[in-house]
file data13.txt (compact mmCIF, C-alpha atoms)
# COMPACT_ATOMS: atom_id res chain seq x y z
CA ASP A 15 7.83 -7.25 -16.73
CA ALA A 16 6.48 -8.31 -13.38
CA MET A 17 8.59 -6.91 -10.54
CA VAL A 18 6.65 -8.05 -7.47
CA ILE A 19 4.86 -11.34 -7.94
CA GLN A 20 2.34 -12.87 -5.59
CA ASN A 21 1.04 -16.41 -5.66
CA PRO A 22 -1.61 -17.51 -5.63
CA ARG A 23 -3.85 -14.61 -6.68
CA TYR A 24 -6.82 -16.25 -4.96
CA GLN A 25 -6.66 -18.63 -2.04
CA VAL A 26 -9.53 -20.44 -0.38
CA THR A 27 -8.87 -22.16 2.92
CA GLN A 28 -10.89 -23.68 5.69
CA PHE A 29 -11.29 -22.26 9.16
CA GLY A 30 -8.23 -23.28 11.16
CA LYS A 31 -6.30 -24.80 8.23
CA PRO A 32 -2.80 -23.30 7.87
CA VAL A 33 -2.14 -21.38 4.70
CA THR A 34 0.97 -19.85 3.12
CA LEU A 35 1.04 -16.92 0.73
CA SER A 36 4.07 -16.27 -1.45
CA CYS A 37 5.79 -13.12 -2.68
CA SER A 38 8.82 -12.81 -4.92
CA GLN A 39 10.62 -9.82 -6.39
CA THR A 40 12.98 -9.21 -9.26
CA LEU A 41 14.08 -5.77 -8.04
CA ASN A 42 16.76 -6.98 -5.62
CA HIS A 43 15.26 -4.69 -2.99
CA ASN A 44 16.36 -4.90 0.62
CA VAL A 45 12.97 -4.42 2.23
CA MET A 46 9.86 -6.56 1.83
CA TYR A 47 6.52 -5.74 3.45
CA TRP A 48 3.26 -7.57 4.07
CA TYR A 49 0.04 -5.55 4.31
CA GLN A 50 -3.46 -6.72 5.09
CA GLN A 51 -6.35 -4.90 3.41
CA LYS A 52 -9.90 -5.71 4.38
CA SER A 53 -12.82 -4.71 2.23
CA SER A 54 -13.13 -0.92 1.80
CA GLN A 55 -10.37 -0.33 4.34
CA ALA A 56 -6.86 1.07 4.17
CA PRO A 57 -3.95 -1.36 3.86
CA LYS A 58 -2.43 -2.12 7.26
CA LEU A 59 1.18 -3.16 7.73
CA LEU A 60 1.61 -6.56 9.40
CA PHE A 61 5.42 -6.80 9.36
CA HIS A 62 8.46 -6.23 7.20
CA TYR A 63 11.95 -7.56 6.61
CA TYR A 64 14.93 -5.27 6.20
CA ASP A 65 17.35 -7.76 4.69
CA LYS A 66 17.16 -10.60 7.22
CA ASP A 67 15.92 -8.48 10.09
CA PHE A 68 12.29 -9.17 10.90
CA ASN A 69 10.15 -6.31 12.23
CA ASN A 70 6.73 -7.15 13.58
CA GLU A 71 4.04 -4.51 14.11
CA ALA A 72 2.87 -4.36 17.72
CA ASP A 73 -0.73 -5.17 16.89
CA THR A 74 -0.10 -8.01 14.43
CA PRO A 75 -1.73 -11.18 15.82
CA ASP A 76 0.55 -14.10 16.71
CA ASN A 77 -1.41 -16.13 14.18
CA PHE A 78 0.56 -14.37 11.44
CA GLN A 79 4.17 -15.34 10.77
CA SER A 80 6.63 -14.59 8.01
CA ARG A 81 9.75 -16.10 6.48
CA ARG A 82 12.33 -14.65 4.13
CA PRO A 83 14.68 -17.43 3.01
CA ASN A 84 16.54 -15.18 0.57
CA THR A 85 16.44 -11.69 -0.93
CA SER A 86 13.91 -12.58 -3.59
CA PHE A 87 11.27 -14.47 -1.63
CA CYS A 88 9.07 -13.73 1.35
CA PHE A 89 6.23 -15.84 2.74
CA LEU A 90 3.22 -15.05 4.90
CA ASP A 91 2.05 -17.95 7.05
CA ILE A 92 -1.34 -17.87 8.74
CA ARG A 93 -1.26 -20.67 11.28
CA SER A 94 -4.97 -20.96 12.06
CA PRO A 95 -7.05 -18.73 9.81
CA GLY A 96 -10.25 -17.34 11.22
CA LEU A 97 -13.16 -15.81 9.36
CA GLY A 98 -11.82 -12.38 10.28
CA ASP A 99 -8.61 -13.04 8.38
CA ALA A 100 -10.37 -12.98 5.03
CA ALA A 101 -8.78 -10.06 3.20
CA MET A 102 -6.48 -8.99 0.41
CA TYR A 103 -2.84 -9.53 1.34
CA LEU A 104 -0.42 -7.19 -0.36
CA CYS A 105 3.33 -7.63 -0.64
CA ALA A 106 5.53 -4.63 -1.31
CA THR A 107 9.24 -3.92 -1.67
CA SER A 108 11.56 -0.95 -1.44
CA ARG A 109 15.30 -0.41 -1.71
CA GLY A 110 15.51 0.72 1.89
CA GLY A 111 16.42 3.95 3.57
CA GLY A 112 12.84 5.14 3.71
CA GLN A 113 13.06 7.64 0.88
CA GLU A 114 12.06 5.39 -1.96
CA THR A 115 8.89 4.35 -3.66
CA GLN A 116 7.26 1.15 -2.47
CA TYR A 117 6.35 -1.27 -5.24
CA PHE A 118 3.34 -3.46 -4.68
CA GLY A 119 2.39 -6.83 -6.03
CA PRO A 120 -1.09 -7.63 -7.35
CA GLY A 121 -2.19 -9.11 -4.03
CA THR A 122 -3.62 -12.43 -2.89
CA ARG A 123 -7.27 -12.49 -1.97
CA LEU A 124 -7.85 -14.94 0.88
CA LEU A 125 -11.24 -16.48 1.53
CA VAL A 126 -11.82 -18.46 4.73
CA LEU A 127 -14.72 -20.92 4.75
CA LYS G 26 0.21 8.33 16.50
CA GLN G 27 0.01 9.26 12.83
CA GLU G 28 -3.45 9.25 11.29
CA VAL G 29 -4.24 9.83 7.64
CA THR G 30 -7.62 10.99 6.40
CA GLN G 31 -8.89 11.32 2.86
CA ILE G 32 -11.88 13.39 1.85
CA PRO G 33 -14.16 12.80 0.06
CA ALA G 34 -14.60 9.03 0.33
CA ALA G 35 -16.18 8.96 -3.11
CA LEU G 36 -16.35 11.34 -6.02
CA SER G 37 -18.17 11.21 -9.35
CA VAL G 38 -17.35 13.66 -12.14
CA PRO G 39 -18.04 13.96 -15.86
CA GLU G 40 -15.23 13.26 -18.27
CA GLY G 41 -12.94 16.21 -18.92
CA GLU G 42 -13.25 17.84 -15.52
CA ASN G 43 -10.25 18.83 -13.46
CA LEU G 44 -10.46 17.52 -9.91
CA VAL G 45 -8.67 17.58 -6.57
CA LEU G 46 -8.37 14.78 -4.04
CA ASN G 47 -7.46 15.67 -0.49
CA CYS G 48 -5.29 13.97 2.09
CA SER G 49 -4.55 15.17 5.62
CA PHE G 50 -2.23 13.79 8.29
CA THR G 51 -1.96 14.54 11.99
CA ASP G 52 1.81 14.47 12.53
CA SER G 53 3.80 16.81 10.32
CA ALA G 54 7.10 14.99 11.03
CA ILE G 55 7.06 12.91 7.88
CA TYR G 56 9.79 11.65 5.57
CA ASN G 57 7.66 11.45 2.47
CA LEU G 58 4.14 11.01 1.17
CA GLN G 59 3.08 8.72 -1.62
CA TRP G 60 -0.05 8.61 -3.77
CA PHE G 61 -1.27 5.27 -5.10
CA ARG G 62 -3.96 4.08 -7.43
CA GLN G 63 -5.88 0.85 -6.79
CA ASP G 64 -8.22 -0.73 -9.31
CA PRO G 65 -10.94 -3.06 -7.95
CA GLY G 66 -9.48 -6.33 -6.68
CA LYS G 67 -5.96 -5.35 -7.65
CA GLY G 68 -2.74 -4.25 -6.01
CA LEU G 69 -1.47 -0.69 -5.63
CA THR G 70 0.26 1.29 -8.35
CA SER G 71 2.53 4.11 -7.24
CA LEU G 72 1.64 7.44 -8.85
CA LEU G 73 3.78 10.06 -7.16
CA LEU G 74 6.24 10.26 -4.28
CA ILE G 75 6.89 13.59 -2.57
CA GLN G 76 9.84 13.89 -0.22
CA SER G 77 9.42 16.01 2.90
CA SER G 78 11.64 18.72 1.43
CA GLN G 79 9.55 19.02 -1.73
CA ARG G 80 6.40 21.03 -2.37
CA GLU G 81 5.05 19.20 -5.39
CA GLN G 82 5.59 16.49 -7.96
CA THR G 83 4.13 16.13 -11.44
CA SER G 84 3.58 13.19 -13.74
CA GLY G 85 1.58 13.73 -16.89
CA ARG G 86 -1.91 14.89 -15.95
CA LEU G 87 -1.22 14.35 -12.24
CA ASN G 88 0.16 16.90 -9.83
CA ALA G 89 0.62 16.27 -6.14
CA SER G 90 1.37 18.98 -3.61
CA LEU G 91 2.58 18.76 -0.04
CA ASP G 92 2.19 21.28 2.78
CA LYS G 93 3.87 19.67 5.79
CA SER G 94 3.14 22.49 8.20
CA SER G 95 -0.59 22.18 7.70
CA GLY G 96 -0.52 18.41 7.35
CA ARG G 97 -2.06 18.36 3.90
CA SER G 98 -1.50 16.96 0.45
CA THR G 99 -3.60 17.23 -2.68
CA LEU G 100 -3.67 15.19 -5.86
CA TYR G 101 -4.78 17.20 -8.86
CA ILE G 102 -6.00 15.31 -11.93
CA ALA G 103 -6.35 17.37 -15.08
CA ALA G 104 -8.80 16.59 -17.87
CA SER G 105 -10.15 13.46 -16.22
CA GLN G 106 -10.87 10.37 -18.32
CA PRO G 107 -13.03 7.27 -17.68
CA GLY G 108 -9.79 5.28 -17.37
CA ASP G 109 -8.94 7.35 -14.29
CA SER G 110 -11.78 5.64 -12.41
CA ALA G 111 -10.20 3.87 -9.43
CA THR G 112 -9.51 4.29 -5.74
CA TYR G 113 -6.75 6.74 -4.88
CA LEU G 114 -4.83 6.22 -1.66
CA CYS G 115 -2.36 8.49 0.02
CA ALA G 116 0.20 7.10 2.42
CA VAL G 117 2.64 8.77 4.78
CA ASN G 118 6.06 7.54 5.88
CA SER G 119 6.78 8.82 9.38
CA SER G 120 9.23 6.05 10.23
CA GLY G 121 12.32 6.89 8.22
CA ASN G 122 14.46 3.93 7.24
CA THR G 123 11.79 1.32 7.72
CA GLY G 124 9.61 2.99 5.12
CA LYS G 125 6.50 1.99 7.03
CA LEU G 126 3.47 3.58 5.37
CA ILE G 127 0.31 4.73 7.09
CA PHE G 128 -2.53 4.79 4.59
CA GLY G 129 -5.68 6.79 4.31
CA GLN G 130 -8.86 4.93 3.44
CA GLY G 131 -8.87 6.27 -0.08
CA THR G 132 -11.11 8.24 -2.40
CA THR G 133 -13.05 6.22 -4.95
CA LEU G 134 -13.27 8.19 -8.17
CA GLN G 135 -15.74 7.56 -10.95
CA VAL G 136 -15.32 9.48 -14.20
CA LYS G 137 -18.42 9.26 -16.35
CA PRO G 138 -18.14 9.32 -20.16

call {"tool": "encode", "arguments": {"input": "data13.txt", "output": "structure tokens"}}
result
Amino acid sequence: DAMVIQNPRYQVTQFGKPVTLSCSQTLNHNVMYWYQQKSSQAPKLLFHYYDKDFNNEADTPDNFQSRRPNTSFCFLDIRSPGLGDAAMYLCATSRGGGQETQYFGPGTRLLVL
Amino acid sequence: KQEVTQIPAALSVPEGENLVLNCSFTDSAIYNLQWFRQDPGKGLTSLLLIQSSQREQTSGRLNASLDKSSGRSTLYIAASQPGDSATYLCAVNSSGNTGKLIFGQGTTLQVKP
């Protein structure tokens, strides 16, 4: 049973064309995270939502935005993708409180042409 | 600033060998440490979570240890199998309730039949 679902699994976009990646969860977890993982690199946290509270990492470019319309869904919007934004984007969830396991989705691989 | 390092970057062993993967972190004030497995082009699968008050956790053929004072964790894999081939990532939570994880770059393991 899928617990953290990401759509699409592969996304191709053009330089500068806005793109939205989707994440949903069936765990009813309070916290949802978005990580960026470039080839052969460690995942890097972009931002997270604790319930409705949005927390942006200091070094996340303004080009990246996020929305969480309800507990189950969270979206990553890239307003003007550049070639350097090509990466795997990973969504994760946790109950909250910091002591729990984070559960990851399968990721969306973004290609920018 | 917390930094996480994993050595070696790559490891190749024959099937059946016991092996140890290493993870070190610079700031010992952590809440927990998590080991993940990542198959090529896929998301992360949680293997073991060790709370800061714990010394080790075991799951099947996997055993993870934590020495906070020295800033080290090891993942021990017993009787390795070709199906264990993957990249293993350790991640540290130094942020408490937010659960923000700082990842190492991973060790890519190949188990040869």

call {"tool": "residues_around", "arguments": {"input": "data13.txt", "residues": "range 79-81 of chain A", "least_positions_apart": "4", "cutoff": "10 Å", "atoms": "only C-alpha atoms", "output": "list in words"}}
result
Thr34, Leu35, Ser36, Tyr47, Trp48, Leu60, Phe61, His62, Tyr63, Lys66, Phe68, Asn69, Asn70, Thr74, Pro75, Phe87, Cys88, Phe89, Leu90, Asp91, Ile92 and Arg93 of chain A

call {"tool": "interface_residues", "arguments": {"input": "data13.txt", "of": "chain A", "to": "chain G", "cutoff": "7 Å", "atoms": "all atoms listed in the file", "output": "VMD selection string"}}
result
chain A and resid 55 to 57 104 110 to 113 115 117 to 121

call {"tool": "write_last_selection", "arguments": {"input": "data13.txt", "atoms": "C-alpha atoms", "output": "mmCIF file, keeping the file's coordinate frame"}}
result
data_model
loop_
_atom_site.group_PDB
_atom_site.id
_atom_site.type_symbol
_atom_site.label_atom_id
_atom_site.label_comp_id
_atom_site.auth_asym_id
_atom_site.auth_seq_id
_atom_site.Cartn_x
_atom_site.Cartn_y
_atom_site.Cartn_z
ATOM 1 C CA GLN A 55 -10.370 -0.330 4.340
ATOM 2 C CA ALA A 56 -6.860 1.070 4.170
ATOM 3 C CA PRO A 57 -3.950 -1.360 3.860
ATOM 4 C CA LEU A 104 -0.420 -7.190 -0.360
ATOM 5 C CA GLY A 110 15.510 0.720 1.890
ATOM 6 C CA GLY A 111 16.420 3.950 3.570
ATOM 7 C CA GLY A 112 12.840 5.140 3.710
ATOM 8 C CA GLN A 113 13.060 7.640 0.880
ATOM 9 C CA THR A 115 8.890 4.350 -3.660
ATOM 10 C CA TYR A 117 6.350 -1.270 -5.240
ATOM 11 C CA PHE A 118 3.340 -3.460 -4.680
ATOM 12 C CA GLY A 119 2.390 -6.830 -6.030
ATOM 13 C CA PRO A 120 -1.090 -7.630 -7.350
ATOM 14 C CA GLY A 121 -2.190 -9.110 -4.030
#

call {"tool": "atom_distance", "arguments": {"input": "data13.txt", "atom1": "CA of Leu100 in chain G", "atom2": "CA of Leu87 in chain G"}}
result
6.9 Å

call {"tool": "axis_aligned_box", "arguments": {"input": "data13.txt", "around": "range 116-121 of chain G", "padding_each_side": "8 Å", "output": "JSON"}}
result
{"center_x": 6.3, "center_y": 7.4, "center_z": 6.3, "size_x": 28.1, "size_y": 18.8, "size_z": 23.8}

call {"tool": "atom_distance", "arguments": {"input": "data13.txt", "atom1": "CA of Leu97 in chain A", "atom2": "CA of Val45 in chain A"}}
result
29.4 Å

call {"tool": "closest_residue", "arguments": {"input": "data13.txt", "among": "A:Ser94, A:Gln116, A:Thr122, A:Thr107", "to": "His43 in chain A", "atoms": "only C-alpha atoms"}}
result
A:Thr107

call {"tool": "closest_atom_pairs", "arguments": {"input": "data13.txt", "of": "range 90-113 of chain A", "to": "range 21-24 of chain A", "cutoff": "12 Å", "atoms": "all atoms listed in the file", "output": "JSON lines"}}
result
{"residue": "A:Leu90", "atom": "CA", "partner": "A:Asn21", "partner_atom": "CA", "distance": 10.9}
{"residue": "A:Ala100", "atom": "CA", "partner": "A:Tyr24", "partner_atom": "CA", "distance": 11.1}
{"residue": "A:Ala101", "atom": "CA", "partner": "A:Tyr24", "partner_atom": "CA", "distance": 10.4}
{"residue": "A:Met102", "atom": "CA", "partner": "A:Tyr24", "partner_atom": "CA", "distance": 9.0}
{"residue": "A:Tyr103", "atom": "CA", "partner": "A:Arg23", "partner_atom": "CA", "distance": 9.5}
{"residue": "A:Leu104", "atom": "CA", "partner": "A:Arg23", "partner_atom": "CA", "distance": 10.3}
{"residue": "A:Cys105", "atom": "CA", "partner": "A:Asn21", "partner_atom": "CA", "distance": 10.4}

call {"tool": "residues_around", "arguments": {"input": "data13.txt", "residues": "Asp65 in chain A", "least_positions_apart": "5", "cutoff": "9 Å", "atoms": "all atoms listed in the file", "output": "MDAnalysis selection string"}}
result
chainID A and resid 43:46 82 84:85

call {"tool": "residues_around", "arguments": {"input": "data13.txt", "residues": "Arg80 in chain G", "least_positions_apart": "6", "cutoff": "9 Å", "atoms": "only C-alpha atoms", "output": "ChimeraX atom specification"}}
result
/G:89-93

call {"tool": "residues_around", "arguments": {"input": "data13.txt", "residues": "Lys26 in chain G", "least_positions_apart": "5", "cutoff": "12 Å", "atoms": "all atoms listed in the file", "output": "PDB file with C-alpha atoms, in the coordinates of the input"}}
result
ATOM      1  CA  PHE G  50      -2.230  13.790   8.290  1.00  0.00           C
ATOM      2  CA  THR G  51      -1.960  14.540  11.990  1.00  0.00           C
ATOM      3  CA  ASP G  52       1.810  14.470  12.530  1.00  0.00           C
ATOM      4  CA  SER G  53       3.800  16.810  10.320  1.00  0.00           C
ATOM      5  CA  ALA G  54       7.100  14.990  11.030  1.00  0.00           C
ATOM      6  CA  ILE G  55       7.060  12.910   7.880  1.00  0.00           C
ATOM      7  CA  VAL G 117       2.640   8.770   4.780  1.00  0.00           C
ATOM      8  CA  SER G 119       6.780   8.820   9.380  1.00  0.00           C
ATOM      9  CA  SER G 120       9.230   6.050  10.230  1.00  0.00           C
ATOM     10  CA  ILE G 127       0.310   4.730   7.090  1.00  0.00           C
TER      11      ILE G 127
END

call {"tool": "atom_distance", "arguments": {"input": "data13.txt", "atom1": "CA of Glu71 in chain A", "atom2": "CA of Leu59 in chain A"}}
result
7.1 Å

call {"tool": "closest_residue", "arguments": {"input": "data13.txt", "among": "A:Ser108, A:Leu124, A:Lys31, A:Ile19", "to": "Tyr64 in chain A", "atoms": "only C-alpha atoms"}}
result
A:Ser108

call {"tool": "residues_near_point", "arguments": {"input": "data13.txt", "point": "(-16.9, 6.0, -23.8)", "cutoff": "9 Å", "atoms": "all atoms listed in the file", "output": "list in words"}}
result
Pro107, Lys137 and Pro138 of chain G

call {"tool": "build_atoms", "arguments": {"input": "data13.txt", "residues": "range 78-96 of chain A", "atoms": "N, CA and C atoms", "output": "PDB file, in the coordinates of the input"}}
result
ATOM      1  N   PHE A  78      -0.115 -14.733  12.675  1.00  0.00           N
ATOM      2  CA  PHE A  78       0.560 -14.370  11.440  1.00  0.00           C
ATOM      3  C   PHE A  78       2.069 -14.453  11.644  1.00  0.00           C
ATOM      4  N   GLN A  79       2.723 -15.183  10.731  1.00  0.00           N
ATOM      5  CA  GLN A  79       4.170 -15.340  10.770  1.00  0.00           C
ATOM      6  C   GLN A  79       4.723 -15.061   9.380  1.00  0.00           C
ATOM      7  N   SER A  80       6.019 -14.847   9.311  1.00  0.00           N
ATOM      8  CA  SER A  80       6.630 -14.590   8.010  1.00  0.00           C
ATOM      9  C   SER A  80       8.010 -15.221   7.952  1.00  0.00           C
ATOM     10  N   ARG A  81       8.419 -15.555   6.745  1.00  0.00           N
ATOM     11  CA  ARG A  81       9.750 -16.100   6.480  1.00  0.00           C
ATOM     12  C   ARG A  81      10.333 -15.429   5.258  1.00  0.00           C
ATOM     13  N   ARG A  82      11.639 -15.192   5.313  1.00  0.00           N
ATOM     14  CA  ARG A  82      12.330 -14.650   4.130  1.00  0.00           C
ATOM     15  C   ARG A  82      13.602 -15.470   3.941  1.00  0.00           C
ATOM     16  N   PRO A  83      13.518 -16.540   3.175  1.00  0.00           N
ATOM     17  CA  PRO A  83      14.680 -17.430   3.010  1.00  0.00           C
ATOM     18  C   PRO A  83      15.813 -16.823   2.208  1.00  0.00           C
ATOM     19  N   ASN A  84      15.501 -15.862   1.352  1.00  0.00           N
ATOM     20  CA  ASN A  84      16.540 -15.180   0.570  1.00  0.00           C
ATOM     21  C   ASN A  84      16.011 -13.806   0.153  1.00  0.00           C
ATOM     22  N   THR A  85      16.825 -13.049  -0.567  1.00  0.00           N
ATOM     23  CA  THR A  85      16.440 -11.690  -0.930  1.00  0.00           C
ATOM     24  C   THR A  85      15.172 -11.649  -1.757  1.00  0.00           C
ATOM     25  N   SER A  86      14.979 -12.640  -2.611  1.00  0.00           N
ATOM     26  CA  SER A  86      13.910 -12.580  -3.590  1.00  0.00           C
ATOM     27  C   SER A  86      12.548 -13.020  -3.060  1.00  0.00           C
ATOM     28  N   PHE A  87      12.529 -13.867  -2.059  1.00  0.00           N
ATOM     29  CA  PHE A  87      11.270 -14.470  -1.630  1.00  0.00           C
ATOM     30  C   PHE A  87      10.903 -14.095  -0.197  1.00  0.00           C
ATOM     31  N   CYS A  88       9.581 -13.949   0.004  1.00  0.00           N
ATOM     32  CA  CYS A  88       9.070 -13.730   1.350  1.00  0.00           C
ATOM     33  C   CYS A  88       7.706 -14.410   1.441  1.00  0.00           C
ATOM     34  N   PHE A  89       7.456 -15.081   2.565  1.00  0.00           N
ATOM     35  CA  PHE A  89       6.230 -15.840   2.740  1.00  0.00           C
ATOM     36  C   PHE A  89       5.439 -15.316   3.930  1.00  0.00           C
ATOM     37  N   LEU A  90       4.128 -15.375   3.794  1.00  0.00           N
ATOM     38  CA  LEU A  90       3.220 -15.050   4.900  1.00  0.00           C
ATOM     39  C   LEU A  90       2.514 -16.344   5.285  1.00  0.00           C
ATOM     40  N   ASP A  91       2.691 -16.750   6.536  1.00  0.00           N
ATOM     41  CA  ASP A  91       2.050 -17.950   7.050  1.00  0.00           C
ATOM     42  C   ASP A  91       0.952 -17.540   8.020  1.00  0.00           C
ATOM     43  N   ILE A  92      -0.240 -18.075   7.789  1.00  0.00           N
ATOM     44  CA  ILE A  92      -1.340 -17.870   8.740  1.00  0.00           C
ATOM     45  C   ILE A  92      -1.605 -19.234   9.367  1.00  0.00           C
ATOM     46  N   ARG A  93      -1.303 -19.347  10.643  1.00  0.00           N
ATOM     47  CA  ARG A  93      -1.260 -20.670  11.280  1.00  0.00           C
ATOM     48  C   ARG A  93      -2.653 -21.269  11.464  1.00  0.00           C
ATOM     49  N   SER A  94      -3.610 -20.468  11.839  1.00  0.00           N
ATOM     50  CA  SER A  94      -4.970 -20.960  12.060  1.00  0.00           C
ATOM     51  C   SER A  94      -5.950 -19.876  11.624  1.00  0.00           C
ATOM     52  N   PRO A  95      -6.229 -19.828  10.328  1.00  0.00           N
ATOM     53  CA  PRO A  95      -7.050 -18.730   9.810  1.00  0.00           C
ATOM     54  C   PRO A  95      -8.452 -18.723  10.413  1.00  0.00           C
ATOM     55  N   GLY A  96      -8.881 -17.537  10.787  1.00  0.00           N
ATOM     56  CA  GLY A  96     -10.250 -17.340  11.220  1.00  0.00           C
ATOM     57  C   GLY A  96     -11.018 -16.573  10.157  1.00  0.00           C
TER      58      GLY A  96
END
